[in-house]
$ cat input_3.cif   # mmCIF, C-alpha atoms
data_input
#
loop_
_atom_site.label_atom_id
_atom_site.label_comp_id
_atom_site.auth_asym_id
_atom_site.auth_seq_id
_atom_site.Cartn_x
_atom_site.Cartn_y
_atom_site.Cartn_z
CA MET K 1 11.83 42.32 75.14
CA LYS K 2 10.85 39.62 72.64
CA PHE K 3 7.13 40.15 73.23
CA TYR K 4 7.54 43.94 73.04
CA ASN K 5 9.21 43.56 69.65
CA TYR K 6 6.50 41.19 68.43
CA PHE K 7 3.88 43.77 69.38
CA ILE K 8 5.60 46.97 68.17
CA ASP K 9 7.31 45.64 65.03
CA ASN K 10 4.07 44.10 63.82
CA PHE K 11 1.68 46.66 65.26
CA ALA K 12 -0.50 46.95 62.14
CA ILE K 13 -0.91 43.15 61.88
CA ASN K 14 -1.69 42.88 65.60
CA ILE K 15 -4.37 45.55 65.44
CA GLY K 16 -5.76 44.11 62.22
CA ALA K 17 -5.98 40.67 63.79
CA ALA K 18 -7.77 42.04 66.86
CA ILE K 19 -10.29 43.90 64.69
CA GLY K 20 -10.74 40.86 62.47
CA MET K 21 -11.40 38.67 65.50
CA LEU K 22 -13.91 41.20 66.83
CA LEU K 23 -15.81 41.29 63.52
CA LEU K 24 -15.81 37.50 63.19
CA ILE K 25 -17.16 37.11 66.71
CA LEU K 26 -20.01 39.58 66.07
CA PHE K 27 -20.85 37.89 62.76
CA PHE K 28 -20.78 34.31 64.06
CA ARG K 29 -22.62 35.38 67.21
CA ASN K 30 -25.57 36.61 65.16
CA VAL K 31 -25.56 33.44 63.07
CA ALA K 32 -25.44 31.26 66.19
CA LEU K 33 -28.46 33.01 67.69
CA LYS K 34 -30.42 32.42 64.49
CA ILE K 35 -29.60 28.71 64.11
CA GLY K 36 -29.70 27.80 67.81
CA LEU K 37 -25.97 27.23 68.29
CA VAL K 38 -26.24 28.29 71.92
CA ASP K 39 -25.40 26.83 75.30
CA VAL K 40 -28.68 26.37 77.13
CA PRO K 41 -28.46 26.49 80.96
CA ASN K 42 -29.05 23.27 82.89
CA ALA K 43 -28.37 21.80 86.33
CA ARG K 44 -24.61 21.51 85.87
CA LYS K 45 -24.13 24.87 84.08
CA ILE K 46 -23.29 28.04 85.99
CA HIS K 47 -24.83 30.58 83.58
CA SER K 48 -28.50 31.54 83.46
CA ASN K 49 -29.15 32.58 79.82
CA PRO K 50 -28.48 30.90 76.43
CA VAL K 51 -25.04 31.90 75.12
CA PRO K 52 -23.72 31.55 71.53
CA MET K 53 -20.89 29.02 71.20
CA VAL K 54 -18.78 30.42 68.36
CA GLY K 55 -15.50 31.44 70.01
CA GLY K 56 -13.66 28.45 68.59
CA LEU K 57 -14.96 29.01 65.06
CA ALA K 58 -13.73 32.61 65.09
CA LEU K 59 -10.33 31.57 66.48
CA PHE K 60 -9.97 28.87 63.83
CA MET K 61 -10.74 31.32 61.03
CA MET K 62 -8.19 33.79 62.37
CA SER K 63 -5.53 31.11 62.87
CA ALA K 64 -5.90 30.07 59.22
CA LEU K 65 -5.90 33.63 57.90
CA LEU K 66 -2.87 34.65 59.93
CA LEU K 67 -0.53 31.88 58.75
CA PRO K 68 0.22 33.35 55.30
CA VAL K 69 0.08 36.93 56.60
CA VAL K 70 3.05 36.37 58.93
CA SER K 71 4.79 33.92 56.57
CA ALA K 72 4.50 31.15 59.16
CA VAL K 73 3.40 28.50 56.69
CA ASN K 74 5.52 25.37 56.90
CA ILE K 75 4.56 21.74 56.64
CA PHE K 76 3.78 21.43 60.34
CA SER K 77 1.76 24.65 60.69
CA PHE K 78 -0.17 23.99 57.47
CA TYR K 79 -1.32 20.52 58.51
CA LEU K 80 -1.87 21.65 62.10
CA VAL K 81 -4.40 24.22 60.90
CA LEU K 82 -5.86 21.84 58.31
CA ALA K 83 -6.42 19.13 60.91
CA SER K 84 -7.77 21.76 63.30
CA GLY K 85 -10.62 22.21 60.83
CA LEU K 86 -11.72 18.65 61.56
CA ILE K 87 -11.53 19.32 65.29
CA VAL K 88 -13.63 22.48 65.01
CA THR K 89 -16.17 20.69 62.80
CA ILE K 90 -16.69 17.81 65.23
CA GLY K 91 -16.85 20.35 68.05
CA LEU K 92 -19.58 22.30 66.28
CA LEU K 93 -21.55 19.10 65.64
CA ASP K 94 -21.15 18.18 69.29
CA ASP K 95 -22.36 21.63 70.35
CA LEU K 96 -25.43 21.22 68.13
CA TYR K 97 -26.26 17.54 68.58
CA GLN K 98 -24.40 16.26 71.68
CA LEU K 99 -22.40 13.54 69.94
CA SER K 100 -21.21 10.43 71.71
CA ALA K 101 -17.65 10.21 73.02
CA PHE K 102 -16.89 7.64 70.30
CA TRP K 103 -17.27 10.14 67.45
CA ARG K 104 -15.35 12.87 69.28
CA PHE K 105 -12.42 10.54 69.97
CA LEU K 106 -12.50 9.11 66.45
CA ILE K 107 -12.11 12.54 64.81
CA GLN K 108 -9.47 13.61 67.33
CA ILE K 109 -7.45 10.50 66.50
CA LEU K 110 -7.91 11.04 62.77
CA ALA K 111 -6.84 14.69 63.00
CA SER K 112 -3.76 13.68 65.00
CA LEU K 113 -2.83 11.04 62.43
CA ILE K 114 -3.11 13.62 59.64
CA VAL K 115 -0.55 15.86 61.37
CA ILE K 116 1.75 12.91 62.04
CA TYR K 117 1.56 11.43 58.53
CA PHE K 118 2.06 14.64 56.56
CA SER K 119 4.41 16.59 58.85
CA GLN K 120 6.31 13.68 60.43
CA ILE K 121 6.11 15.49 63.78
CA GLN K 122 5.58 13.07 66.65
CA LEU K 123 6.87 12.03 70.06
CA HIS K 124 10.07 10.21 69.20
CA THR K 125 11.30 10.14 72.80
CA PHE K 126 10.16 10.82 76.36
CA GLY K 127 13.73 11.77 77.23
CA PHE K 128 15.48 10.47 80.33
CA LEU K 129 12.17 10.08 82.11
CA LEU K 130 12.96 7.09 84.36
CA ASN K 131 16.69 7.38 84.99
CA SER K 132 19.64 9.49 83.88
CA SER K 133 21.19 6.85 81.60
CA TRP K 134 18.16 5.64 79.61
CA ASP K 135 16.72 7.77 76.83
CA LEU K 136 13.15 6.49 76.61
CA TYR K 137 13.05 6.25 72.82
CA LEU K 138 9.61 5.21 71.60
CA GLY K 139 10.44 3.60 68.26
CA VAL K 140 7.41 1.76 66.85
CA PHE K 141 5.29 3.07 69.74
CA ALA K 142 5.86 6.70 68.76
CA ILE K 143 2.61 7.15 66.87
CA PRO K 144 0.30 5.48 69.44
CA PHE K 145 1.85 7.45 72.31
CA THR K 146 1.67 10.69 70.33
CA VAL K 147 -2.01 10.18 69.54
CA PHE K 148 -2.76 9.21 73.14
CA GLY K 149 -0.96 12.29 74.48
CA VAL K 150 -2.62 14.68 72.04
CA VAL K 151 -6.10 13.29 72.70
CA GLY K 152 -5.42 13.42 76.44
CA VAL K 153 -4.47 17.10 76.39
CA ILE K 154 -7.42 17.95 74.11
CA ASN K 155 -9.91 16.47 76.55
CA ALA K 156 -8.13 17.73 79.65
CA LEU K 157 -8.56 21.29 78.41
CA ASN K 158 -12.10 20.59 77.20
CA MET K 159 -13.13 19.18 80.58
CA ALA K 160 -11.64 22.17 82.39
CA ASP K 161 -13.76 24.63 80.40
CA GLY K 162 -16.28 25.53 83.08
CA VAL K 163 -15.68 29.17 84.04
CA ASP K 164 -15.55 32.22 81.78
CA GLY K 165 -12.05 32.59 80.36
CA LEU K 166 -10.67 29.44 81.97
CA ALA K 167 -9.99 27.32 78.87
CA ALA K 168 -8.62 30.34 77.01
CA MET K 169 -6.22 31.23 79.82
CA THR K 170 -5.27 27.59 80.40
CA PHE K 171 -4.19 27.60 76.75
CA SER K 172 -2.56 31.03 76.79
CA LEU K 173 -0.18 30.64 79.75
CA PRO K 174 1.84 27.67 78.41
CA VAL K 175 1.81 29.09 74.87
CA PHE K 176 3.16 32.38 76.21
CA VAL K 177 5.98 30.47 77.90
CA LEU K 178 6.73 28.43 74.77
CA ILE K 179 7.02 31.63 72.73
CA GLY K 180 9.45 33.00 75.31
CA LEU K 181 11.62 29.88 75.26
CA SER K 182 11.60 29.31 71.50
CA SER K 183 13.66 31.08 68.84
CA GLN K 184 11.39 30.34 65.84
CA SER K 185 10.55 33.94 64.98
CA THR K 186 7.82 33.62 62.32
CA PHE K 187 6.06 30.68 63.96
CA ASN K 188 6.26 32.45 67.32
CA LEU K 189 4.79 35.58 65.78
CA TRP K 190 1.81 33.56 64.54
CA LEU K 191 1.32 32.16 68.06
CA PHE K 192 1.68 35.65 69.57
CA ILE K 193 -1.01 37.10 67.30
CA LEU K 194 -3.19 34.06 67.99
CA LEU K 195 -2.89 34.93 71.70
CA ILE K 196 -4.08 38.45 70.90
CA CYS K 197 -7.15 36.91 69.26
CA VAL K 198 -7.69 34.78 72.37
CA VAL K 199 -7.61 37.96 74.49
CA VAL K 200 -10.31 39.48 72.26
CA PHE K 201 -12.41 36.35 72.79
CA VAL K 202 -11.94 36.57 76.58
CA PHE K 203 -13.19 40.17 76.48
CA PHE K 204 -16.45 39.02 74.86
CA ASN K 205 -16.57 35.94 77.08
CA LYS K 206 -16.51 38.14 80.19
CA THR K 207 -19.10 40.66 79.00
CA SER K 208 -22.84 40.30 79.48
CA LYS K 209 -24.41 42.07 76.47
CA TYR K 210 -22.34 40.34 73.75
CA LYS K 211 -21.33 37.23 75.67
CA ILE K 212 -20.04 34.18 73.79
CA PHE K 213 -18.57 30.83 74.77
CA LEU K 214 -15.80 28.82 73.15
CA GLY K 215 -18.11 25.86 72.88
CA ASP K 216 -16.68 22.41 72.37
CA ASN K 217 -15.55 23.66 68.96
CA GLY K 218 -13.27 26.13 70.74
CA SER K 219 -12.04 24.17 73.73
CA LEU K 220 -11.22 21.18 71.51
CA LEU K 221 -9.42 23.49 69.06
CA LEU K 222 -7.28 25.11 71.75
CA GLY K 223 -6.52 21.73 73.29
CA PHE K 224 -5.50 20.34 69.90
CA ILE K 225 -3.18 23.25 69.11
CA LEU K 226 -1.67 23.24 72.61
CA ALA K 227 -1.06 19.49 72.54
CA TRP K 228 0.77 19.70 69.22
CA LEU K 229 2.82 22.67 70.35
CA LEU K 230 4.03 20.61 73.32
CA VAL K 231 5.04 17.81 70.95
CA TYR K 232 6.62 20.19 68.43
CA PHE K 233 8.68 22.13 70.97
CA SER K 234 9.82 19.11 73.02
CA GLN K 235 11.40 16.96 70.33
CA GLY K 236 14.83 17.16 68.69
CA GLU K 237 18.28 18.24 69.82
CA SER K 238 17.47 21.95 69.58
CA ALA K 239 14.07 21.67 71.30
CA PRO K 240 13.48 24.57 73.75
CA ILE K 241 11.85 22.29 76.34
CA LYS K 242 12.26 18.70 77.49
CA PRO K 243 9.39 16.21 77.19
CA VAL K 244 9.00 16.24 80.97
CA SER K 245 8.72 20.05 80.88
CA ALA K 246 5.56 19.67 78.81
CA LEU K 247 3.91 17.88 81.74
CA TYR K 248 4.42 20.91 83.98
CA LEU K 249 3.04 23.31 81.37
CA VAL K 250 -0.30 21.46 81.44
CA ALA K 251 -0.09 20.05 84.95
CA LEU K 252 -3.25 21.64 86.33
CA PRO K 253 -5.72 20.47 83.63
CA VAL K 254 -4.03 17.05 83.61
CA TYR K 255 -4.22 16.68 87.39
CA ASP K 256 -7.83 17.89 87.39
CA THR K 257 -8.88 15.50 84.63
CA ILE K 258 -7.23 12.48 86.24
CA PHE K 259 -8.80 13.28 89.64
CA VAL K 260 -12.28 13.74 88.17
CA MET K 261 -12.12 10.57 86.08
CA LEU K 262 -10.83 8.49 89.00
CA ARG K 263 -13.56 9.89 91.24
CA ARG K 264 -16.20 8.91 88.68
CA LEU K 265 -14.75 5.42 88.25
CA PHE K 266 -14.65 4.84 92.01
CA LYS K 267 -18.34 5.74 92.11
CA ARG K 268 -18.96 3.34 89.22
CA ARG K 269 -19.97 6.07 86.80
CA SER K 270 -18.76 6.71 83.29
CA PRO K 271 -15.49 8.72 83.37
CA PHE K 272 -16.86 10.76 80.43
CA LYS K 273 -20.20 11.69 81.98
CA PRO K 274 -20.14 15.39 82.99
CA ASP K 275 -20.61 16.38 86.62
CA LYS K 276 -19.64 19.21 88.97
CA THR K 277 -16.49 17.79 90.60
CA HIS K 278 -13.79 19.74 88.75
CA LEU K 279 -11.40 22.00 90.60
CA HIS K 280 -13.24 25.12 89.46
CA HIS K 281 -16.44 23.63 90.95
CA LEU K 282 -14.57 23.16 94.22
CA PHE K 283 -13.60 26.85 94.24
CA LEU K 284 -17.17 27.82 93.40
CA ALA K 285 -18.35 25.69 96.33
CA GLN K 286 -16.12 27.87 98.51
CA LYS K 287 -18.30 30.86 97.47
CA LEU K 288 -15.67 32.44 95.23
CA SER K 289 -16.89 34.60 92.35
CA HIS K 290 -16.26 33.49 88.77
CA THR K 291 -13.44 36.02 88.43
CA GLN K 292 -11.90 34.87 91.71
CA VAL K 293 -12.11 31.25 90.56
CA LEU K 294 -10.38 32.16 87.31
CA MET K 295 -7.60 33.97 89.18
CA ALA K 296 -7.18 31.08 91.62
CA MET K 297 -6.94 28.55 88.79
CA MET K 298 -4.44 30.70 86.89
CA PHE K 299 -2.34 31.12 90.04
CA CYS K 300 -2.20 27.34 90.53
CA GLN K 301 -1.32 26.76 86.88
CA SER K 302 1.36 29.47 87.03
CA VAL K 303 2.98 27.75 90.01
CA PHE K 304 3.28 24.48 88.09
CA ILE K 305 4.56 26.26 84.99
CA PHE K 306 7.12 28.16 87.08
CA LEU K 307 8.34 24.88 88.54
CA GLY K 308 8.73 23.37 85.08
CA VAL K 309 10.64 26.37 83.72
CA PHE K 310 12.76 26.58 86.88
CA PHE K 311 13.73 22.90 86.65
CA LEU K 312 14.51 23.42 82.97
CA GLU K 313 16.74 26.43 83.68
CA ILE K 314 18.71 24.76 86.48
CA LYS K 315 18.98 21.60 84.36
CA LEU K 316 17.52 19.32 87.02
CA ALA K 317 17.73 15.69 85.91
CA GLU K 318 14.67 14.78 83.85
CA HIS K 319 13.85 11.67 85.86
CA LEU K 320 13.86 13.71 89.08
CA GLN K 321 11.49 16.20 87.47
CA PHE K 322 9.18 13.34 86.54
CA TYR K 323 9.20 11.81 90.01
CA ILE K 324 8.46 15.23 91.51
CA PHE K 325 5.58 15.60 89.06
CA VAL K 326 4.16 12.22 90.13
CA GLY K 327 4.61 13.13 93.79
CA ILE K 328 2.75 16.40 93.31
CA SER K 329 -0.07 14.54 91.56
CA ALA K 330 -0.49 12.26 94.60
CA LEU K 331 -0.48 15.30 96.90
CA TYR K 332 -3.01 17.07 94.67
CA TYR K 333 -5.34 14.06 94.73
CA HIS K 334 -5.10 13.78 98.53
CA ILE K 335 -5.78 17.47 99.16
CA VAL K 336 -8.66 17.81 96.68
CA LYS K 337 -10.27 14.56 97.87
CA ASN K 338 -10.21 15.74 101.49
CA VAL K 339 -11.58 19.18 100.66
CA TRP K 340 -14.47 17.66 98.70
CA SER K 341 -15.15 15.27 101.60
CA ARG K 342 -15.44 18.17 104.03
CA ILE K 343 -17.74 20.06 101.66
CA ASN K 344 -19.98 17.01 101.22
CA LEU K 345 -20.15 16.52 105.00
CA LYS K 346 -21.31 20.13 105.44
CA ASP K 347 -23.97 19.59 102.80
#
$ encode --input "input_3.cif" --output "structure tokens"
Amino acid sequence: MKFYNYFIDNFAINIGAAIGMLLLILFFRNVALKIGLVDVPNARKIHSNPVPMVGGLALFMMSALLLPVVSAVNIFSFYLVLASGLIVTIGLLDDLYQLSAFWRFLIQILASLIVIYFSQIQLHTFGFLLNSSWDLYLGVFAIPFTVFGVVGVINALNMADGVDGLAAMTFSLPVFVLIGLSSQSTFNLWLFILLICVVVFVFFNKTSKYKIFLGDNGSLLLGFILAWLLVYFSQGESAPIKPVSALYLVALPVYDTIFVMLRRLFKRRSPFKPDKTHLHHLFLAQKLSHTQVLMAMMFCQSVFIFLGVFFLEIKLAEHLQFYIFVGISALYYHIVKNVWSRINLKD
């Protein structure tokens, strides 16, 4: 009912946002083709023609324009969008010039510190993560852990961006759930309309004639916004989710990133050097189509999100939720490792 009201009561704004996103995509797409802001196919890419990488730029512009329109401007949202500009900028530079990991991490850390300093939003506590009688209050470690968590989610979503629509849907599912659980009407409306803009992007992302990609500018942007939403909605007495719930909302990209980085380290390679060992690559190796891979990934993510919401609703002890999460991660690693081993043996 909440989502129906958001759509019907603000129908003109929703349609205007969708049209605005469409026009921005067409404009930036033409610019990208002229200046060479395109993703050129190579050995680890799964597309065959150069594709403009402007999805993130269009989403950033719409996110900034929508804030005052829906009266969602507060200290947190203002500095979230402001800092997002830095993230999009470094993403665009990375798309154009293939920057080193150092510069990407540096700007991500700086953008996170801007949000923390000016909005005072940060991870104050992990909740009762280890046992039922110990609130894991972070104190002086709040800022380092917040920055680490935000940067981790940013890059988990960025690294998972390998199939059309995957990063966008990986962002959209947890945000959809957060809107449903939260009671912050104007801020939720901004997020809801932002999701509409993401849907418009996915439409172009899945077409052939006017195809675009998020680019690093887009996947980093969505990861940054998602990470801060998890922080924002998990802290305080009236928070709609627990800190441990946030882990379940992003479980799939987190599990995938940890597995891939461990696999690279065990093979004595840089954990940041791209390869084709992500979960979506595993599904592709099983001869699934791109759409089937997307559906399979979204099903897996939905299962983890359902578990997190279910545990939240039945008020399962937070430390038990955390230990279950860790147990699932071990099971995930074991299953994926064995499946890759069988595929490599066949090859």
$ residues_around --input "input_3.cif" --residues "Tyr79 (chain K)" --least-positions-apart "3" --cutoff "12 Å" --atoms "all atoms listed in the file" --output "list in words"
Ala64, Leu67, Val73, Asn74, Ile75, Phe76, Leu82, Ala83, Ser84, Gly85, Leu86, Ala111, Ser112, Leu113, Ile114, Val115, Ile116, Tyr117, Phe118, Ser119, Gln120, Ile121, Ile225 and Trp228 of chain K
$ closest_atom_pairs --input "input_3.cif" --of "region 131-169 of chain K" --to "region 252-267 of chain K" --cutoff "8 Å" --atoms "all atoms listed in the file" --output "tab-separated table"
residue	atom	partner	partner_atom	distance
K:Val153	CA	K:Val254	CA	7.2
K:Ala156	CA	K:Pro253	CA	5.4
K:Leu157	CA	K:Pro253	CA	6.0
K:Met159	CA	K:Thr257	CA	6.9
K:Ala160	CA	K:Pro253	CA	6.3
$ closest_residue --input "input_3.cif" --among "K:Val175, K:Leu123, K:Leu194, K:Ala101" --to "Pro271 (chain K)" --atoms "only C-alpha atoms"
K:Ala101
$ closest_residue --input "input_3.cif" --among "K:Asp94, K:Gly20, K:Ile109, K:Lys242" --to "Phe145 (chain K)" --atoms "all atoms listed in the file"
K:Ile109
$ resolve_selection --input "input_3.cif" --expression "the PyMOL selection byres ((chain K and resi 333-346) around 8)" --output "JSON, numbers by chain"
{"K": [255, 259, 279, 282, 285, 329, 330, 331, 332, 347]}
$ write_last_selection --input "input_3.cif" --atoms "C-alpha atoms" --output "compact mmCIF listing (two decimals), keeping the file's coordinate frame"
# COMPACT_ATOMS: atom_id res chain seq x y z
CA TYR K 255 -4.22 16.68 87.39
CA PHE K 259 -8.80 13.28 89.64
CA LEU K 279 -11.40 22.00 90.60
CA LEU K 282 -14.57 23.16 94.22
CA ALA K 285 -18.35 25.69 96.33
CA SER K 329 -0.07 14.54 91.56
CA ALA K 330 -0.49 12.26 94.60
CA LEU K 331 -0.48 15.30 96.90
CA TYR K 332 -3.01 17.07 94.67
CA ASP K 347 -23.97 19.59 102.80
$ atom_distance --input "input_3.cif" --atom1 "CA of Ala58 (chain K)" --atom2 "CA of Asn5 (chain K)"
25.8 Å
$ residues_around --input "input_3.cif" --residues "Leu178 (chain K)" --least-positions-apart "2" --cutoff "9 Å" --atoms "all atoms listed in the file" --output "list of chain:residue names"
K:Leu173, K:Pro174, K:Val175, K:Phe176, K:Gly180, K:Leu181, K:Ser182, K:Asn188, K:Leu229, K:Leu230, K:Phe233, K:Pro240, K:Ile241
$ write_last_selection --input "input_3.cif" --atoms "C-alpha atoms" --output "compact mmCIF listing (two decimals), in the coordinates of the input"
# COMPACT_ATOMS: atom_id res chain seq x y z
CA LEU K 173 -0.18 30.64 79.75
CA PRO K 174 1.84 27.67 78.41
CA VAL K 175 1.81 29.09 74.87
CA PHE K 176 3.16 32.38 76.21
CA GLY K 180 9.45 33.00 75.31
CA LEU K 181 11.62 29.88 75.26
CA SER K 182 11.60 29.31 71.50
CA ASN K 188 6.26 32.45 67.32
CA LEU K 229 2.82 22.67 70.35
CA LEU K 230 4.03 20.61 73.32
CA PHE K 233 8.68 22.13 70.97
CA PRO K 240 13.48 24.57 73.75
CA ILE K 241 11.85 22.29 76.34
$ resolve_selection --input "input_3.cif" --expression "the PyMOL selection byres ((chain K and resi 290) around 10)" --output "PDB file with C-alpha atoms, keeping the file's coordinate frame"
ATOM      1  CA  ILE K  46     -23.290  28.040  85.990  1.00  0.00           C
ATOM      2  CA  GLY K 162     -16.280  25.530  83.080  1.00  0.00           C
ATOM      3  CA  VAL K 163     -15.680  29.170  84.040  1.00  0.00           C
ATOM      4  CA  ASP K 164     -15.550  32.220  81.780  1.00  0.00           C
ATOM      5  CA  GLY K 165     -12.050  32.590  80.360  1.00  0.00           C
ATOM      6  CA  LEU K 166     -10.670  29.440  81.970  1.00  0.00           C
ATOM      7  CA  LYS K 206     -16.510  38.140  80.190  1.00  0.00           C
ATOM      8  CA  HIS K 280     -13.240  25.120  89.460  1.00  0.00           C
ATOM      9  CA  PHE K 283     -13.600  26.850  94.240  1.00  0.00           C
ATOM     10  CA  LEU K 284     -17.170  27.820  93.400  1.00  0.00           C
ATOM     11  CA  LYS K 287     -18.300  30.860  97.470  1.00  0.00           C
ATOM     12  CA  LEU K 288     -15.670  32.440  95.230  1.00  0.00           C
ATOM     13  CA  SER K 289     -16.890  34.600  92.350  1.00  0.00           C
ATOM     14  CA  THR K 291     -13.440  36.020  88.430  1.00  0.00           C
ATOM     15  CA  GLN K 292     -11.900  34.870  91.710  1.00  0.00           C
ATOM     16  CA  VAL K 293     -12.110  31.250  90.560  1.00  0.00           C
ATOM     17  CA  LEU K 294     -10.380  32.160  87.310  1.00  0.00           C
ATOM     18  CA  MET K 295      -7.600  33.970  89.180  1.00  0.00           C
ATOM     19  CA  ALA K 296      -7.180  31.080  91.620  1.00  0.00           C
TER      20      ALA K 296
END
$ resolve_selection --input "input_3.cif" --expression "the PyMOL selection byres ((chain K and resi 313-316) around 12)" --output "PyMOL selection string"
chain K and resi 128-129+132+181+240-242+244-245+306-312+317-324
$ atom_distance --input "input_3.cif" --atom1 "CA of Val51 (chain K)" --atom2 "CA of Asp39 (chain K)"
5.1 Å
$ residues_around --input "input_3.cif" --residues "Ile193 (chain K)" --least-positions-apart "4" --cutoff "9 Å" --atoms "all atoms listed in the file" --output "list in words"
Tyr6, Phe7, Ile13, Asn14, Ala17, Ala18, Ser63, Leu66, Asn188, Leu189, Cys197 and Val198 of chain K
$ atom_distance --input "input_3.cif" --atom1 "CA of Leu226 (chain K)" --atom2 "CA of Val88 (chain K)"
14.2 Å
$ axis_aligned_box --input "input_3.cif" --around "region 232-246 of chain K" --padding-each-side "3 Å" --output "JSON"
{"center_x": 11.9, "center_y": 20.4, "center_z": 74.7, "size_x": 18.7, "size_y": 14.4, "size_z": 18.5}
$ residues_around --input "input_3.cif" --residues "His124 (chain K)" --least-positions-apart "2" --cutoff "6 Å" --atoms "only C-alpha atoms" --output "PyMOL selection string"
chain K and resi 122+138+142
$ write_last_selection --input "input_3.cif" --atoms "C-alpha atoms" --output "mmCIF file, in the frame of the given file"
data_model
loop_
_atom_site.group_PDB
_atom_site.id
_atom_site.type_symbol
_atom_site.label_atom_id
_atom_site.label_comp_id
_atom_site.auth_asym_id
_atom_site.auth_seq_id
_atom_site.Cartn_x
_atom_site.Cartn_y
_atom_site.Cartn_z
ATOM 1 C CA GLN K 122 5.580 13.070 66.650
ATOM 2 C CA LEU K 138 9.610 5.210 71.600
ATOM 3 C CA ALA K 142 5.860 6.700 68.760
#
$ closest_residue --input "input_3.cif" --among "K:Val150, K:Gln235, K:Phe105, K:Gln301" --to "Phe272 (chain K)" --atoms "only C-alpha atoms"
K:Phe105
$ closest_residue --input "input_3.cif" --among "K:Ser270, K:Asp95, K:Gly236, K:Thr277" --to "Tyr137 (chain K)" --atoms "all atoms listed in the file"
K:Gly236
$ closest_residue --input "input_3.cif" --among "K:Leu214, K:Val69, K:Ile8, K:Val81" --to "Arg29 (chain K)" --atoms "all atoms listed in the file"
K:Leu214
$ closest_residue --input "input_3.cif" --among "K:Val38, K:Glu237, K:Arg269, K:Trp190" --to "Tyr97 (chain K)" --atoms "all atoms listed in the file"
K:Val38
$ build_atoms --input "input_3.cif" --residues "region 92-107 of chain K" --atoms "N, CA and C atoms" --output "PDB file, keeping the file's coordinate frame"
ATOM      1  N   LEU K  92     -18.323  21.630  66.619  1.00  0.00           N
ATOM      2  CA  LEU K  92     -19.580  22.300  66.280  1.00  0.00           C
ATOM      3  C   LEU K  92     -20.744  21.304  66.258  1.00  0.00           C
ATOM      4  N   LEU K  93     -20.509  20.132  65.665  1.00  0.00           N
ATOM      5  CA  LEU K  93     -21.550  19.100  65.640  1.00  0.00           C
ATOM      6  C   LEU K  93     -21.905  18.641  67.050  1.00  0.00           C
ATOM      7  N   ASP K  94     -20.898  18.561  67.900  1.00  0.00           N
ATOM      8  CA  ASP K  94     -21.150  18.180  69.290  1.00  0.00           C
ATOM      9  C   ASP K  94     -21.945  19.261  70.013  1.00  0.00           C
ATOM     10  N   ASP K  95     -21.618  20.527  69.739  1.00  0.00           N
ATOM     11  CA  ASP K  95     -22.360  21.630  70.350  1.00  0.00           C
ATOM     12  C   ASP K  95     -23.823  21.620  69.914  1.00  0.00           C
ATOM     13  N   LEU K  96     -24.065  21.218  68.665  1.00  0.00           N
ATOM     14  CA  LEU K  96     -25.430  21.220  68.130  1.00  0.00           C
ATOM     15  C   LEU K  96     -26.209  19.960  68.516  1.00  0.00           C
ATOM     16  N   TYR K  97     -25.532  18.793  68.475  1.00  0.00           N
ATOM     17  CA  TYR K  97     -26.260  17.540  68.580  1.00  0.00           C
ATOM     18  C   TYR K  97     -25.825  16.633  69.726  1.00  0.00           C
ATOM     19  N   GLN K  98     -24.862  17.069  70.544  1.00  0.00           N
ATOM     20  CA  GLN K  98     -24.400  16.260  71.680  1.00  0.00           C
ATOM     21  C   GLN K  98     -23.961  14.865  71.230  1.00  0.00           C
ATOM     22  N   LEU K  99     -22.898  14.808  70.462  1.00  0.00           N
ATOM     23  CA  LEU K  99     -22.400  13.540  69.940  1.00  0.00           C
ATOM     24  C   LEU K  99     -21.873  12.648  71.049  1.00  0.00           C
ATOM     25  N   SER K 100     -21.769  11.373  70.751  1.00  0.00           N
ATOM     26  CA  SER K 100     -21.210  10.430  71.710  1.00  0.00           C
ATOM     27  C   SER K 100     -19.694  10.606  71.773  1.00  0.00           C
ATOM     28  N   ALA K 101     -19.100  10.109  72.850  1.00  0.00           N
ATOM     29  CA  ALA K 101     -17.650  10.210  73.020  1.00  0.00           C
ATOM     30  C   ALA K 101     -16.918   9.482  71.894  1.00  0.00           C
ATOM     31  N   PHE K 102     -17.525   8.416  71.359  1.00  0.00           N
ATOM     32  CA  PHE K 102     -16.890   7.640  70.300  1.00  0.00           C
ATOM     33  C   PHE K 102     -16.538   8.517  69.098  1.00  0.00           C
ATOM     34  N   TRP K 103     -17.497   9.321  68.633  1.00  0.00           N
ATOM     35  CA  TRP K 103     -17.270  10.140  67.450  1.00  0.00           C
ATOM     36  C   TRP K 103     -16.264  11.253  67.729  1.00  0.00           C
ATOM     37  N   ARG K 104     -16.320  11.817  68.922  1.00  0.00           N
ATOM     38  CA  ARG K 104     -15.350  12.870  69.280  1.00  0.00           C
ATOM     39  C   ARG K 104     -13.930  12.312  69.277  1.00  0.00           C
ATOM     40  N   PHE K 105     -13.757  11.146  69.918  1.00  0.00           N
ATOM     41  CA  PHE K 105     -12.420  10.540  69.970  1.00  0.00           C
ATOM     42  C   PHE K 105     -11.949  10.107  68.585  1.00  0.00           C
ATOM     43  N   LEU K 106     -12.865   9.579  67.780  1.00  0.00           N
ATOM     44  CA  LEU K 106     -12.500   9.110  66.450  1.00  0.00           C
ATOM     45  C   LEU K 106     -11.925  10.256  65.603  1.00  0.00           C
ATOM     46  N   ILE K 107     -12.580  11.402  65.612  1.00  0.00           N
ATOM     47  CA  ILE K 107     -12.110  12.540  64.810  1.00  0.00           C
ATOM     48  C   ILE K 107     -10.831  13.121  65.394  1.00  0.00           C
TER      49      ILE K 107
END
